[in-house]
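S.K.: This is the structure I have questions about; it appears just below.
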Amino acid sequence: MENYLDKIRNFCIIAHIDHGKSTLADRILEQTETVALRDMEEQLLDNMDIERERGITIKARAVRLKYKADDGEEYIFNLIDTPGHVDFNYEVSRSLVACEGAVLIVDASQGIEAQTLANTYLAVENDLEVVPVVNKIDLPSAHPEEVKREIEDVIGIEAMDAPEISAKMGINIRAVMEEIVKKIPAPKGDISAPLKALIFDSYYDSYKGVIVYVRVKEGEVKPGDKIKMMASGAEFTVVETGYMGATELVPAGGIKAGEVGYIAASIKSIGDTKVGDTVTNAVNPASEALPGYREVSPMVFSGIYPADGAKYGDLRDALEKLRLNDASLSYEPESSIALGFGFRCGFLGLLHMDIIQERIEREYNLDIITTAPSVVYKLEMTDGTTRMIDNPTNYPDTSLIAQSYEPMVNAHVYSPSEYVGSIMELCQNRRGVFKDMKYIDEKRVDLHYELPLNEIVYDFFDVLKSRTRGYASYDYEMKGFAPSKLVKLDIMLNGEIIDALSFIIHADSAYERARKMAEKLKEHIPRQLFEIPIQACIGGKIIARETIKALRKDVLAKCYGGDITRKKKLLEKQKEGKKRMRQFGTVEVPQEAFMAVLKLDDD
Amino acid sequence: MRGIYIHVPFCVKKCPYCDFYSLPFSQSKAEDYKNAVVRNLSRYNGEQFDTVYFGGGTPSLMYGHIAQILNSINRSENAEITVECNPESADEDVLNALKAAGVNRLSFGVQSLCENELSALGRTHGANEAKNAILLTSKAGFENISADIMLGILNQTKSSLEETINELCGLPVTHVSAYLLKIEENTVFGKRYVEIADKMPSEDLQAELYLTAVDALEKHGLKQYEISNFAKSGYESRHNLKYWRAEEYVGIGPSAHSYYNGRRFAVGRSLEKFLGSEFQTEETTEEFPDSEEERIMLGLRLSEGIDVNERIKGRLKLIPREYYNLSDGRLSLTPRGFLVSNEIIAILA
């Protein structure tokens, strides 16, 4: 019998944001006629609104395609779309493990970017065959030859024969597919061995429960089988298995070694189906799990509160539902004197945080207030114990702390060389320690810095982009804790500490940030009946101060011809506006003020 | 007893800050208009009214028709009958006609007695014209004379305002309305907002001007009885008080508002439609308006204030002490409080 494995190609696409990953995926889908043309929608694989708008992939996706190659044979392509952001590094690595090859898209005008490089290295580390493709050759600024040389120099893979394509214009797409058939190895696997299937994604379906996307490495799985998640230990009975069509799931009698497919087993909690875990047969289990599983732990924390306190229940429901599809989101109830009841949420990184906030607001139609993002600090206490603190509210009295530590990252910034000065200045301002600088080619550099994580969680990326006109990209990996000089900065309005505005910061940055916070608050809190002193303090010591003068005039002088209704409407509007503000004693703080202090400019 | 408001939607020239409904004046339209008003008033034959207020627009342009309109209203014996006038339209003929018709209160749009401020407002009269109009009115036998002045005019200063008030109070006026100029969207000023915005007095200066006006007027015996209204004792506008005391009134004419039989309603801003219908079309703006909120919102505009309850008392801690008076269970705002009354009412209501 002909080996079915020979006709399978499992691959992913690696690309920097905007280099055309989703567009190429769309073209491949089109050309394999996996999607009827009338169903074609731009960027089909990115099916969240946010993904389409931001042009990024948040969750991994997969789709099975049939391709009739030049050799006359029909091949099964399993395209696994991976997230392209550092926050989702682990998810990326699991998606890569599910493949034998990766198509590397490089923009013909921009060349290799940080994220591309990081993910390509990940692919190479995982023994994937990398197939380079040079995209956007239709652009006048395209210089494909140079870009190919760059790929060879920087990544060290053969690239001279890389297809030159335009995904947007549909140029040369078939060449990419032929490369996939020829270069990417067919999967291996023993269908008779005990089941080992790698979970690379999962999502919650309200009818079927959690749908698990897997790459079967060994054995097979079919409806009726008892399965076990090797890391979580949870067991289930398989209800349905099948393949991922472009627009819907296609049930099949079973999926076997080498294949990519899905399993539905009436799984209620996404926590039971962690990305990276191995699915095995509960009756005939594999002796050991696939390597590389790890618990993903949140890096960045912030409080999320409903703007309207009465919507607490709605916020909890929203978080619960989001968590159904996103096991890396963590949350627990917390309360703030300033903001009432809300949740302390943990995220993989800033983008992850941003996305969750946006989804709560958009998909669940909730106005929320978020507190300043915090990282996890380690404190050695005078009594010899160690405490991990991710919430400024819990920061202990300084006299009880023997030594504080903060998390550090190794960061690589890739940029055209003309911006080096400006980037170095930025990294210096952020307490970065210069490690190394390499020229990627004659025009571009790779700057290596060691940076405290809390210096990049606010606005590092935005500032970097604006300083380099959008040309620089960056990437980081965690590097453990380093001793630090931390203080807790409190903000007082009218003499009252607003707990939601407190944050932990390095002592050297405290004055600067305190001053900016006070200015920002003054800008965003409207004048009110009382004069409002704004004070920033460490311990009892005030280090910055601003004053919002009392409101002088807000009166409807004339009420013409007895039009009371109009006046009443204005009153309703004013009351509505007040409801959207948070009341602290006599001070009302609009939501924008909480948001604004999170985005302090770099100048 | 209820009051009647009659909106006269005609002006010789529209002022650049005014967003009230008015159209260019013509004698033939005035005639049609008078007939329509009389038609509408016929619905209220059975009822007696104790105030009638002709507002505008420029009602004095209709002086020849006022008598006929008043004749179709069943007025109580001491009814207060007000007509708004522009200083330039008040000559002896006009004043005599109004007097003969039964009008007993005239309200002049003086705005300022400084020439540069008048021209900044685009007014067609001069300071002397305004002063003469008031003197003539007094001579014609009117004893209840009101003057509107404007606060926050471009380039206005505290001393120019004091000058206006001192001069005005040297004339036989019994009542002054002092309004802070507000730039409304659908006006000439509104359209030119960008260019005039930085010439406008700042919020702080506007507040100063207001407090200056309160002081200066009180010195001349014109006591503040409402946010923008001041009167010698006994000369408070009985008609306008109905608005603030949530009493009822009938509004006739395009854009006029009514509060009648517990319902608030309004007539659309269309002269054509008003003239063309037997009775004006009235659209309900509020079905059941008599609420606590309204009591607070309206009552706090008056110096007499409102009765307080526990809820209101509890909220007073959110309001600086110098903004209100509290005595004998009544709450009223001070002039400083009036200045931020929107905010205070939003807290209390």
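In the structure tokens, chains take letters A, B, ... by order of appearance, with residues numbered from 1 within each chain and ligands from 1 in the order shown.
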Please find the residues of chain B near chain A - the criterion being any atom within 9 Å, counting only C-alpha atoms - and write them as an MDAnalysis selection string.
M.R.: chainID B and resid 5:7 20 55:56 178:182 203:204 206:208 227:228 240 242:244 249 251 255:259 264:266 285:286 289 293:294 297:298 317:320 336 338:347 349
S.K.: How far is it from atom CA of A:His448 to atom CA of A:Ala411, in Å with one decimal?
M.R.: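 Atom CA of A:His448 sits 5.8 Å away from atom CA of A:Ala411.
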S.K.: Which of stretch 151-186 of chain B counts as helix (DSSP H, G or I) under DSSP, as a PyMOL selection string please?
M.R.: chain B and resi 158-169
S.K.: Generate a file of the selected residues that holds N, CA and C atoms, formatted as an mmCIF file, in the first residue's frame.
M.R.:
data_model
loop_
_atom_site.group_PDB
_atom_site.id
_atom_site.type_symbol
_atom_site.label_atom_id
_atom_site.label_comp_id
_atom_site.auth_asym_id
_atom_site.auth_seq_id
_atom_site.Cartn_x
_atom_site.Cartn_y
_atom_site.Cartn_z
ATOM 1 N N LYS B 158 -14.293 94.597 33.862
ATOM 2 C CA LYS B 158 -15.081 94.853 35.058
ATOM 3 C C LYS B 158 -15.505 96.314 35.118
ATOM 4 N N SER B 159 -14.566 97.201 34.755
ATOM 5 C CA SER B 159 -14.925 98.613 34.901
ATOM 6 C C SER B 159 -15.910 99.046 33.827
ATOM 7 N N SER B 160 -15.792 98.495 32.612
ATOM 8 C CA SER B 160 -16.772 98.882 31.590
ATOM 9 C C SER B 160 -18.160 98.370 31.980
ATOM 10 N N LEU B 161 -18.187 97.209 32.631
ATOM 11 C CA LEU B 161 -19.474 96.644 33.064
ATOM 12 C C LEU B 161 -20.075 97.514 34.174
ATOM 13 N N GLU B 162 -19.209 97.910 35.110
ATOM 14 C CA GLU B 162 -19.699 98.756 36.205
ATOM 15 C C GLU B 162 -20.259 100.070 35.659
ATOM 16 N N GLU B 163 -19.564 100.590 34.658
ATOM 17 C CA GLU B 163 -20.009 101.822 34.019
ATOM 18 C C GLU B 163 -21.411 101.654 33.441
ATOM 19 N N THR B 164 -21.604 100.559 32.714
ATOM 20 C CA THR B 164 -22.921 100.281 32.123
ATOM 21 C C THR B 164 -23.993 100.206 33.207
ATOM 22 N N ILE B 165 -23.679 99.470 34.274
ATOM 23 C CA ILE B 165 -24.688 99.275 35.314
ATOM 24 C C ILE B 165 -24.989 100.592 36.038
ATOM 25 N N ASN B 166 -23.937 101.354 36.346
ATOM 26 C CA ASN B 166 -24.161 102.618 37.039
ATOM 27 C C ASN B 166 -25.024 103.570 36.216
ATOM 28 N N GLU B 167 -24.718 103.632 34.938
ATOM 29 C CA GLU B 167 -25.514 104.516 34.073
ATOM 30 C C GLU B 167 -26.944 104.036 33.967
ATOM 31 N N LEU B 168 -27.062 102.725 33.803
ATOM 32 C CA LEU B 168 -28.390 102.130 33.628
ATOM 33 C C LEU B 168 -29.248 102.382 34.859
ATOM 34 N N CYS B 169 -28.624 102.237 36.029
ATOM 35 C CA CYS B 169 -29.390 102.375 37.258
ATOM 36 C C CYS B 169 -29.699 103.841 37.576
#
S.K.: Leaving out B:Asn35 and any residue of its chain fewer than 4 positions from it, which residues lie within 9 Å of it when counting only C-alpha atoms, given as a PyMOL selection string?
M.R.: chain B and resi 30-31+39-40+69+275
S.K.: Smallest atom-to-atom distance to B:Tyr225: which of B:Asp328, B:Glu77, B:Glu304, B:Glu88, using only C-alpha atoms?
M.R.: B:Glu304
S.K.: Excluding A:Ile525 and its own-chain neighbours fewer than 6 positions away, which residues fall within 12 Å of it when counting only C-alpha atoms? Please give them as a list in words.
M.R.: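 With the cut-off at 12 Å, the set is Leu493, Met517, Ala518, Glu519, Glu531, Ile532, Pro533, Ile534, Glu546, Thr547, Ile548, Lys549, Ala550, Leu551, Lys578, Met581, Arg582, Gln583, Val587, Glu588, Val589, Pro590, Gln591, Glu592, Ala593, Phe594, Met595, Ala596 and Val597 of chain A.
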S.K.: Considering only C-alpha atoms, return as an MDAnalysis selection string whatever protein or nucleic-acid residues lie within 6 Å of A:Ile8, sequence-local ones (same chain, fewer than 4 positions apart) excluded.
M.R.: chainID A and resid 75:76 186
S.K.: Limited to N, CA and C atoms, could you put the picked residues into a file as a PDB file, in the first residue's frame?
M.R.:
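That gives us out-v4.pdb:
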ATOM      1  N   TYR A  75      -1.709  16.341  -3.065  1.00  0.00           N
ATOM      2  CA  TYR A  75      -1.101  16.431  -1.738  1.00  0.00           C
ATOM      3  C   TYR A  75      -2.079  17.056  -0.747  1.00  0.00           C
ATOM      4  N   ILE A  76      -1.926  16.620   0.507  1.00  0.00           N
ATOM      5  CA  ILE A  76      -2.670  17.269   1.597  1.00  0.00           C
ATOM      6  C   ILE A  76      -1.731  18.274   2.248  1.00  0.00           C
ATOM      7  N   ALA A 186       7.919  14.920   4.206  1.00  0.00           N
ATOM      8  CA  ALA A 186       6.646  14.332   4.636  1.00  0.00           C
ATOM      9  C   ALA A 186       6.791  13.952   6.106  1.00  0.00           C
TER      10      ALA A 186
END
S.K.: Mind checking which residues fall within 12 Å of B:Phe279, counting only C-alpha atoms, ignoring those fewer than 4 positions away in the same chain, and posting them as a list of chain:residue names?
M.R.: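 Counting only C-alpha atoms, the residues come to B:Asn35, B:Ala36, B:Val37, B:Val38, B:Arg39, B:Asn40, B:Leu41, B:Ser42, B:Arg43, B:Tyr44, B:Ile252, B:Gly253, B:Pro254, B:Val267, B:Lys273, B:Phe274, B:Leu275.
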S.K.: DSSP says strand (DSSP E) for which residues of stretch 89-148 of chain B? Put them as a list in words?
M.R.: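 Matching residues for strand (DSSP E) in stretch 89-148 of chain B are Arg105, Leu106, Ser107, Phe108, Gly109, Val110, Gln111, Asn144, Ile145, Ser146, Ala147 and Asp148 of chain B.
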S.K.: Which residue gives the smallest distance to B:Glu143 among B:Phe25, B:Phe288, B:Phe54, B:Tyr235, with only C-alpha atoms counted?
M.R.: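 Among B:Phe25, B:Phe288, B:Phe54, B:Tyr235, it is B:Tyr235 that comes nearest to B:Glu143.
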S.K.: Do you know which residues are at most 12 Å from A:Val457 counting only C-alpha atoms, after dropping those on the same chain fewer than 2 positions away, and could you put them as a PyMOL selection string?
M.R.: chain A and resi 87+299-302+347-354+372-376+407-409+430+451-455+459-463+476+505+598-600
